[in-house]
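Asks: Just so it is clear, I am handing over protein.csv, which has CSV, C-alpha atoms.
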```
chain,number,residue,atom,x,y,z
A,117,MET,CA,34.4,8.1,178.8
A,118,THR,CA,34.1,11.9,179.1
A,119,VAL,CA,31.2,12.4,176.7
A,120,ILE,CA,28.3,10.4,177.9
A,121,SER,CA,25.6,11.4,175.4
A,122,THR,CA,25.0,13.6,172.4
A,123,SER,CA,21.8,14.4,170.5
A,124,THR,CA,21.1,16.5,167.4
A,125,ASP,CA,17.8,17.9,166.3
A,126,PRO,CA,18.0,18.8,162.6
A,127,ILE,CA,14.6,20.5,162.6
A,128,ALA,CA,15.3,22.8,165.6
A,129,LEU,CA,19.0,23.0,164.5
A,130,SER,CA,20.3,22.3,167.9
A,131,LEU,CA,23.0,20.1,169.4
A,132,THR,CA,23.3,18.8,173.0
A,133,VAL,CA,26.4,17.3,174.3
A,134,VAL,CA,26.6,15.9,177.9
A,135,ALA,CA,30.1,15.3,179.4
A,136,GLU,CA,31.2,14.2,182.9
A,137,PHE,CA,34.4,15.2,184.6
A,138,ASP,CA,36.2,14.0,187.8
A,139,ALA,CA,36.4,17.5,189.1
A,140,SER,CA,34.1,19.8,191.1
A,141,PRO,CA,31.7,22.2,189.3
A,142,GLU,CA,33.9,25.1,190.6
A,143,ARG,CA,36.9,23.6,189.0
A,144,VAL,CA,35.2,22.9,185.7
A,145,TRP,CA,33.7,26.5,185.7
A,146,ARG,CA,37.3,27.8,185.8
A,147,VAL,CA,38.2,26.3,182.4
A,148,TRP,CA,35.5,28.7,181.0
A,149,GLU,CA,36.3,31.7,183.3
A,150,ASN,CA,40.1,31.7,182.9
A,151,PRO,CA,41.0,32.7,179.4
A,152,ARG,CA,44.4,31.0,179.6
A,153,GLN,CA,42.6,27.7,180.3
A,154,LEU,CA,39.8,28.4,177.9
A,155,GLU,CA,42.1,28.9,174.9
A,156,ARG,CA,43.7,25.5,175.6
A,157,TRP,CA,40.5,23.7,174.6
A,158,TRP,CA,38.2,26.0,172.7
A,159,GLY,CA,39.9,25.7,169.3
A,160,PRO,CA,40.1,22.4,167.4
A,161,PRO,CA,43.6,20.8,167.7
A,162,THR,CA,44.7,22.2,164.3
A,163,TYR,CA,43.3,25.7,165.1
A,164,PRO,CA,44.4,26.7,168.6
A,165,ALA,CA,42.5,29.7,170.0
A,166,THR,CA,43.9,32.9,171.5
A,167,PHE,CA,41.6,35.0,173.6
A,168,THR,CA,42.6,38.7,173.5
A,169,ARG,CA,39.7,39.8,175.6
A,170,HIS,CA,37.5,37.8,178.0
A,171,ASP,CA,35.1,40.0,180.1
A,172,PHE,CA,33.5,37.1,182.0
A,173,GLU,CA,30.5,39.0,183.3
A,174,VAL,CA,26.9,39.6,182.2
A,175,ASP,CA,26.9,41.7,179.0
A,176,GLY,CA,30.7,41.2,178.9
A,177,GLU,CA,32.3,40.4,175.6
A,178,SER,CA,35.2,38.2,174.4
A,179,ARG,CA,37.4,38.4,171.3
A,180,TYR,CA,39.5,35.5,170.1
A,181,PHE,CA,41.2,34.3,167.0
A,182,MET,CA,42.4,30.8,166.0
A,183,THR,CA,45.6,30.1,164.2
A,184,GLY,CA,45.3,27.6,161.4
A,185,PRO,CA,48.0,25.3,159.9
A,186,GLU,CA,48.6,27.7,157.0
A,187,GLY,CA,48.9,30.7,159.3
A,188,ASP,CA,45.3,31.8,158.6
A,189,THR,CA,43.7,33.5,161.7
A,190,PRO,CA,39.8,33.4,161.7
A,191,HIS,CA,38.4,35.7,164.4
A,192,GLY,CA,35.4,35.2,166.7
A,193,TRP,CA,33.6,36.9,169.5
A,194,TRP,CA,31.4,36.0,172.5
A,195,ARG,CA,28.8,38.0,174.4
A,196,MET,CA,27.8,36.7,177.8
A,197,TYR,CA,24.1,36.7,178.6
A,198,LYS,CA,24.0,34.8,181.8
A,199,ILE,CA,26.7,34.0,184.3
A,200,ASP,CA,25.6,32.0,187.3
A,201,GLY,CA,28.8,30.2,188.5
A,202,PRO,CA,29.2,27.3,188.9
A,203,HIS,CA,25.7,26.4,187.5
A,204,ARG,CA,24.8,28.0,184.3
A,205,LEU,CA,26.4,30.0,181.4
A,206,GLU,CA,24.6,31.5,178.4
A,207,PHE,CA,26.4,33.3,175.6
A,208,ALA,CA,26.4,34.1,171.9
A,209,ASN,CA,29.3,33.1,169.7
A,210,GLY,CA,29.8,34.8,166.4
A,211,LEU,CA,32.1,35.5,163.6
A,212,ALA,CA,34.4,38.5,163.5
A,213,GLY,CA,36.2,40.1,160.7
A,214,ASP,CA,40.0,40.6,160.3
A,215,ASP,CA,39.8,43.6,162.7
A,216,GLY,CA,38.5,41.2,165.4
A,217,GLU,CA,35.1,42.9,165.6
A,218,PRO,CA,31.7,41.2,165.0
A,219,ILE,CA,30.7,41.1,161.3
A,220,PRO,CA,27.4,43.0,161.0
A,221,GLY,CA,24.5,41.0,159.7
A,222,VAL,CA,26.0,37.6,160.5
A,223,GLU,CA,23.9,36.2,163.4
A,224,PRO,CA,25.8,34.5,166.2
A,225,MET,CA,24.9,31.0,167.5
A,226,ALA,CA,23.6,30.6,171.0
A,227,ALA,CA,25.3,28.4,173.6
A,228,TYR,CA,23.8,27.2,176.9
A,229,VAL,CA,26.0,25.4,179.4
A,230,THR,CA,24.8,23.7,182.6
A,231,PHE,CA,27.1,22.4,185.4
A,232,GLU,CA,25.7,19.9,187.9
A,233,PRO,CA,27.5,18.2,190.7
A,234,ILE,CA,27.5,14.4,190.5
A,235,GLY,CA,29.2,12.4,193.3
A,236,GLY,CA,32.3,14.5,193.6
A,237,GLY,CA,32.4,15.2,189.9
A,238,THR,CA,30.5,17.4,187.4
A,239,ARG,CA,28.1,16.8,184.6
A,240,MET,CA,28.4,19.5,182.0
A,241,THR,CA,25.7,19.9,179.4
A,242,THR,CA,26.3,22.2,176.4
A,243,GLU,CA,23.5,23.1,174.0
A,244,SER,CA,24.2,24.9,170.8
A,245,LYS,CA,21.5,26.5,168.8
A,246,PHE,CA,21.9,27.6,165.2
A,247,VAL,CA,19.8,30.0,163.1
A,248,ASP,CA,20.2,28.4,159.7
A,249,GLU,CA,22.4,26.3,157.6
A,250,SER,CA,24.5,29.1,156.1
A,251,GLN,CA,25.4,30.2,159.6
A,252,MET,CA,26.3,26.6,160.5
A,253,GLU,CA,28.5,26.4,157.4
A,254,LYS,CA,30.3,29.7,158.2
A,255,MET,CA,30.9,28.8,161.8
A,256,LEU,CA,32.2,25.4,160.8
A,257,ALA,CA,34.5,26.7,158.1
A,258,MET,CA,36.1,28.8,160.9
A,259,GLY,CA,37.9,26.0,162.7
A,260,MET,CA,38.6,23.8,159.7
A,261,SER,CA,41.3,23.2,157.2
A,262,GLU,CA,40.3,22.8,153.6
A,263,GLY,CA,40.7,19.0,154.0
A,264,MET,CA,38.2,18.8,156.8
A,265,THR,CA,35.6,20.9,155.1
A,266,GLN,CA,36.0,18.6,152.1
A,267,ALA,CA,35.6,15.5,154.4
A,268,VAL,CA,32.3,17.0,155.7
A,269,SER,CA,30.9,17.7,152.3
A,270,GLN,CA,31.9,14.1,151.2
A,271,ILE,CA,30.0,12.6,154.1
A,272,ASP,CA,27.2,14.9,153.2
A,273,GLU,CA,27.2,13.7,149.6
A,274,LEU,CA,27.2,10.1,150.8
A,275,LEU,CA,24.2,10.8,153.0
A,276,THR,CA,22.3,12.4,150.2
A,277,SER,CA,23.1,9.7,147.7
A,278,GLU,CA,22.0,7.1,150.1
A,279,ALA,CA,18.7,8.9,150.5
A,280,ALA,CA,18.2,9.3,146.8
B,110,MET,CA,16.7,15.5,144.7
B,111,VAL,CA,20.3,16.3,145.5
B,112,VAL,CA,20.2,18.4,148.6
B,113,HIS,CA,23.8,19.4,148.2
B,114,GLN,CA,22.8,21.7,145.4
B,115,LEU,CA,20.2,23.6,147.3
B,116,SER,CA,20.6,27.2,146.4
B,117,ASP,CA,20.5,30.0,149.0
B,118,HIS,CA,16.9,30.7,147.9
B,119,ASP,CA,15.9,27.0,148.5
B,120,VAL,CA,17.6,27.1,151.9
B,121,ASP,CA,15.6,30.2,152.8
B,122,LEU,CA,12.4,28.5,151.8
B,123,VAL,CA,13.2,25.5,154.0
B,124,PHE,CA,13.9,27.6,157.0
B,125,ARG,CA,11.0,29.9,156.5
B,126,ALA,CA,8.8,26.8,156.2
B,127,LEU,CA,10.1,25.4,159.4
B,128,ALA,CA,10.0,28.6,161.4
B,129,ASP,CA,6.3,28.0,162.1
B,130,THR,CA,5.2,25.6,165.0
B,131,THR,CA,2.3,24.1,163.1
B,132,ARG,CA,4.3,23.5,160.0
B,133,ARG,CA,7.1,21.8,162.0
B,134,ASP,CA,4.4,19.7,163.6
B,135,ILE,CA,2.9,18.7,160.3
B,136,PHE,CA,6.3,18.0,158.8
B,137,GLN,CA,7.2,15.7,161.7
B,138,ARG,CA,3.9,13.8,161.4
B,139,VAL,CA,4.1,13.1,157.7
B,140,ILE,CA,7.6,11.5,157.8
B,141,GLY,CA,7.1,7.8,157.3
B,142,ASP,CA,3.7,6.7,155.9
B,143,GLY,CA,2.3,10.2,155.2
B,144,LEU,CA,-1.1,11.5,156.1
B,145,SER,CA,-4.0,12.9,154.2
B,146,VAL,CA,-4.7,16.6,154.3
B,147,SER,CA,-8.1,16.0,155.9
B,148,THR,CA,-6.6,13.8,158.6
B,149,LEU,CA,-4.1,16.5,159.4
B,150,ALA,CA,-6.8,19.2,159.3
B,151,ASP,CA,-8.8,17.2,162.0
B,152,ASP,CA,-6.0,17.7,164.5
B,153,TYR,CA,-5.6,21.4,164.3
B,154,GLU,CA,-8.0,24.2,165.5
B,155,MET,CA,-8.0,25.8,162.1
B,156,SER,CA,-9.8,25.5,158.8
B,157,PHE,CA,-9.0,22.9,156.2
B,158,ALA,CA,-7.9,25.7,153.9
B,159,ALA,CA,-5.5,27.0,156.5
B,160,VAL,CA,-3.9,23.6,157.0
B,161,GLN,CA,-3.7,23.2,153.2
B,162,LYS,CA,-1.9,26.5,153.1
B,163,HIS,CA,0.7,25.3,155.6
B,164,VAL,CA,1.1,22.2,153.5
B,165,SER,CA,1.7,24.3,150.4
B,166,VAL,CA,4.5,26.3,152.1
B,167,LEU,CA,6.1,23.0,153.1
B,168,GLU,CA,5.7,21.7,149.5
B,169,ARG,CA,7.3,24.8,148.0
B,170,ALA,CA,10.3,24.2,150.3
B,171,ALA,CA,10.5,20.6,149.0
B,172,LEU,CA,10.0,19.3,152.6
B,173,VAL,CA,6.8,17.5,151.6
B,174,THR,CA,5.2,16.1,148.4
B,175,LYS,CA,1.5,15.6,147.8
B,176,GLU,CA,0.1,12.6,146.1
B,177,ARG,CA,-3.5,12.2,145.0
B,178,HIS,CA,-5.3,9.0,146.1
B,179,GLY,CA,-8.9,9.2,144.8
B,180,ARG,CA,-10.5,12.1,146.6
B,181,GLU,CA,-7.7,12.2,149.2
B,182,GLN,CA,-4.4,14.1,149.0
B,183,ILE,CA,-1.7,12.3,150.9
B,184,VAL,CA,1.2,14.4,152.2
B,185,HIS,CA,4.6,12.7,152.5
B,186,GLY,CA,7.7,14.1,154.3
B,187,ASN,CA,10.9,14.4,152.4
B,188,LEU,CA,13.6,13.6,154.8
B,189,SER,CA,16.6,14.1,152.5
B,190,THR,CA,16.1,17.9,152.6
B,191,LEU,CA,17.0,17.7,156.3
B,192,ARG,CA,20.0,15.6,155.8
B,193,ARG,CA,22.4,18.4,155.1
B,194,ALA,CA,21.4,20.1,158.4
B,195,ALA,CA,22.0,16.7,160.1
B,196,ALA,CA,25.4,16.4,158.6
B,197,LEU,CA,26.4,19.9,159.7
B,198,LEU,CA,25.2,19.2,163.2
B,199,ASP,CA,27.3,16.0,163.3
B,200,ALA,CA,30.4,18.1,162.5
B,201,PHE,CA,29.7,20.4,165.4
B,202,GLU,CA,29.1,17.3,167.6
B,203,GLU,CA,32.7,16.2,166.7
B,204,ILE,CA,34.0,19.6,167.7
B,205,TRP,CA,32.3,19.4,171.1
B,206,ILE,CA,33.5,15.9,171.8
B,207,GLY,CA,37.1,17.1,171.1
B,208,ARG,CA,36.6,20.0,173.4
B,209,ALA,CA,35.2,17.9,176.3
B,210,THR,CA,38.1,15.4,175.9
B,211,LYS,CA,40.6,18.3,176.1
B,212,ILE,CA,38.9,19.8,179.1
B,213,ALA,CA,39.2,16.4,180.9
B,214,GLU,CA,42.9,16.4,180.0
B,215,ILE,CA,43.4,19.9,181.5
B,216,LEU,CA,41.4,18.9,184.7
B,217,GLY,CA,43.6,15.8,185.1
B,218,GLU,CA,46.9,17.7,185.1
B,219,LYS,CA,48.9,18.0,188.3
B,220,GLY,CA,48.2,21.2,190.1
B,221,SER,CA,45.1,21.9,188.0
B,222,ALA,CA,43.1,22.5,191.2
B,223,THR,CA,44.8,25.8,191.6
```
Could you write out this structure as structure tokens?

Replies:
Amino acid sequence: MTVISTSTDPIALSLTVVAEFDASPERVWRVWENPRQLERWWGPPTYPATFTRHDFEVDGESRYFMTGPEGDTPHGWWRMYKIDGPHRLEFANGLAGDDGEPIPGVEPMAAYVTFEPIGGGTRMTTESKFVDESQMEKMLAMGMSEGMTQAVSQIDELLTSEAA
Amino acid sequence: MVVHQLSDHDVDLVFRALADTTRRDIFQRVIGDGLSVSTLADDYEMSFAAVQKHVSVLERAALVTKERHGREQIVHGNLSTLRRAAALLDAFEEIWIGRATKIAEILGEKGSAT
């Protein structure tokens, strides 16, 4: 089991996912550092990512797009705030327009990643922090086909009707 | 209350209400049985009126409701308002589980050490 725990905090709007891998922190670090490896896992299966820029250094930026099943290509960007390999990574992940550049006025989400050695392997903890619900919805809509977005809102309706 | 139909304005009210540490604290404490305004006020180093003001902000955002019991006003948390945020976080959780699984796959490939 790769993912060993997850926790969500709907008041702070944060999500923490802890995963463990049978590889050294240096090796796990490379799946973030190397854009050809990064693009193999960043996008959801139906929306593979392509990184056209990946300046993996403090204040460096990345540009990527994902290719959806209907040929739609939502764009995104990263800005690196902290790079302390192979221990800690902090970056902003935001939405970009069709020109690939950040959309002004749409706040990015923050991601904090920690890598710890554990008996020959690595424990990787990712924390995602959101600003508000509308940002979450926009980010979510980015890697999702219509069907999946519908599935989410159906789950949502179920939850709210249960609460009513 | 159907959270699904929260307007942008309502959503703004919710997040503005929760942007304050004291209000987040109050909100978390009144989930469940609820507490009276005076009980709440005893626990903060601020006036009764100031606590009441925080409760009003939460009330406008539909995060809490007030109920009068004799001379006491009982504040109750309204969890359903938070359910939409929880559902959205769950969707992101799925995305991260998918990513971690894929990373494990990449790491397990032959020659992946190079």

Asks: Can you list, as a VMD selection string, every protein, DNA or RNA residue that comes within 8 Å of A:Thr132 when you count all atoms listed in the file, leaving out same-chain residues fewer than 6 positions away?

Replies: chain A and resid 122 to 124 241 to 244

Asks: Using all atoms listed in the file, pick whichever of A:Trp158, A:Phe181, A:Trp145, A:Phe137 has the shortest atom-to-atom distance to A:His203.

Replies: A:Trp145

Asks: Could you please tell me, as an MDAnalysis selection string, which residues of chain B have an atom within 7 Å of chain A when using all atoms listed in the file?

Replies: chainID B and resid 110:113 124 189 191:198 202 204 206 208:213 216 222

Asks: Using all atoms listed in the file, which residues sit within 12 Å of A:Pro218 once same-chain residues fewer than 6 positions away are excluded, as a ChimeraX atom specification?

Replies: /A:177-181,190-195,208-212,224

Asks: Separation of atom CA of B:Asp152 and atom CA of B:Arg138, in Å?

Replies: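 That distance, rounded to one decimal, is 11.1 Å.
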
Asks: Tell me, in Å to one decimal, how far atom CA of A:Tyr163 is from atom CA of A:Glu232.

Replies: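 For atom CA of A:Tyr163 relative to atom CA of A:Glu232, the distance reads 29.4 Å.
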
Asks: My list of candidates is A:Asn150, A:Thr238, A:Thr230, A:Thr189. Which is closest to A:Arg169 when distances are computed with only C-alpha atoms?

Replies: A:Asn150

Asks: Please measure the separation of atom CA of A:Met182 and atom CA of B:Trp205, giving the value in Å to one decimal.

Replies: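 Atom CA of A:Met182 sits 16.1 Å away from atom CA of B:Trp205.
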
Asks: Nearest to B:Gly179: which of B:Ser145, B:Gln137, B:Thr131, B:Ser165 is it, counting all atoms listed in the file?

Replies: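 Distance minimum relative to B:Gly179 lands on B:Ser145.
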
Asks: Let me make sure I understand: among A:Ile219, A:Ile199, A:Ile234, A:Val229, which one has the smallest atom-to-atom distance to A:Asp171 if we use all atoms listed in the file?

Replies: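 Looking only at the distances to A:Asp171, the closest residue turns out to be A:Ile199.
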
Asks: May I have the residues within 9 Å of A:Leu205 as a list in words, using all atoms listed in the file and disregarding those fewer than 3 positions away in the same chain?

Replies: Met196, Tyr197, Lys198, Ile199, Asp200, Gly201, Pro202, Ala227, Tyr228, Val229, Thr230 and Phe231 of chain A

Asks: Write the selection just made, keeping C-alpha atoms, as a CSV table (one decimal), in the coordinates of the input?

Replies:
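File produced: selection.csv:
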```
chain,number,residue,atom,x,y,z
A,196,MET,CA,27.8,36.7,177.8
A,197,TYR,CA,24.1,36.7,178.6
A,198,LYS,CA,24.0,34.8,181.8
A,199,ILE,CA,26.7,34.0,184.3
A,200,ASP,CA,25.6,32.0,187.3
A,201,GLY,CA,28.8,30.2,188.5
A,202,PRO,CA,29.2,27.3,188.9
A,227,ALA,CA,25.3,28.4,173.6
A,228,TYR,CA,23.8,27.2,176.9
A,229,VAL,CA,26.0,25.4,179.4
A,230,THR,CA,24.8,23.7,182.6
A,231,PHE,CA,27.1,22.4,185.4
```

Asks: Within 6 Å of B:Leu167, counting all atoms listed in the file, which residues show up once you throw out same-chain ones fewer than 5 positions away? Write them as a PyMOL selection string, please.

Replies: chain B and resi 126+172-173
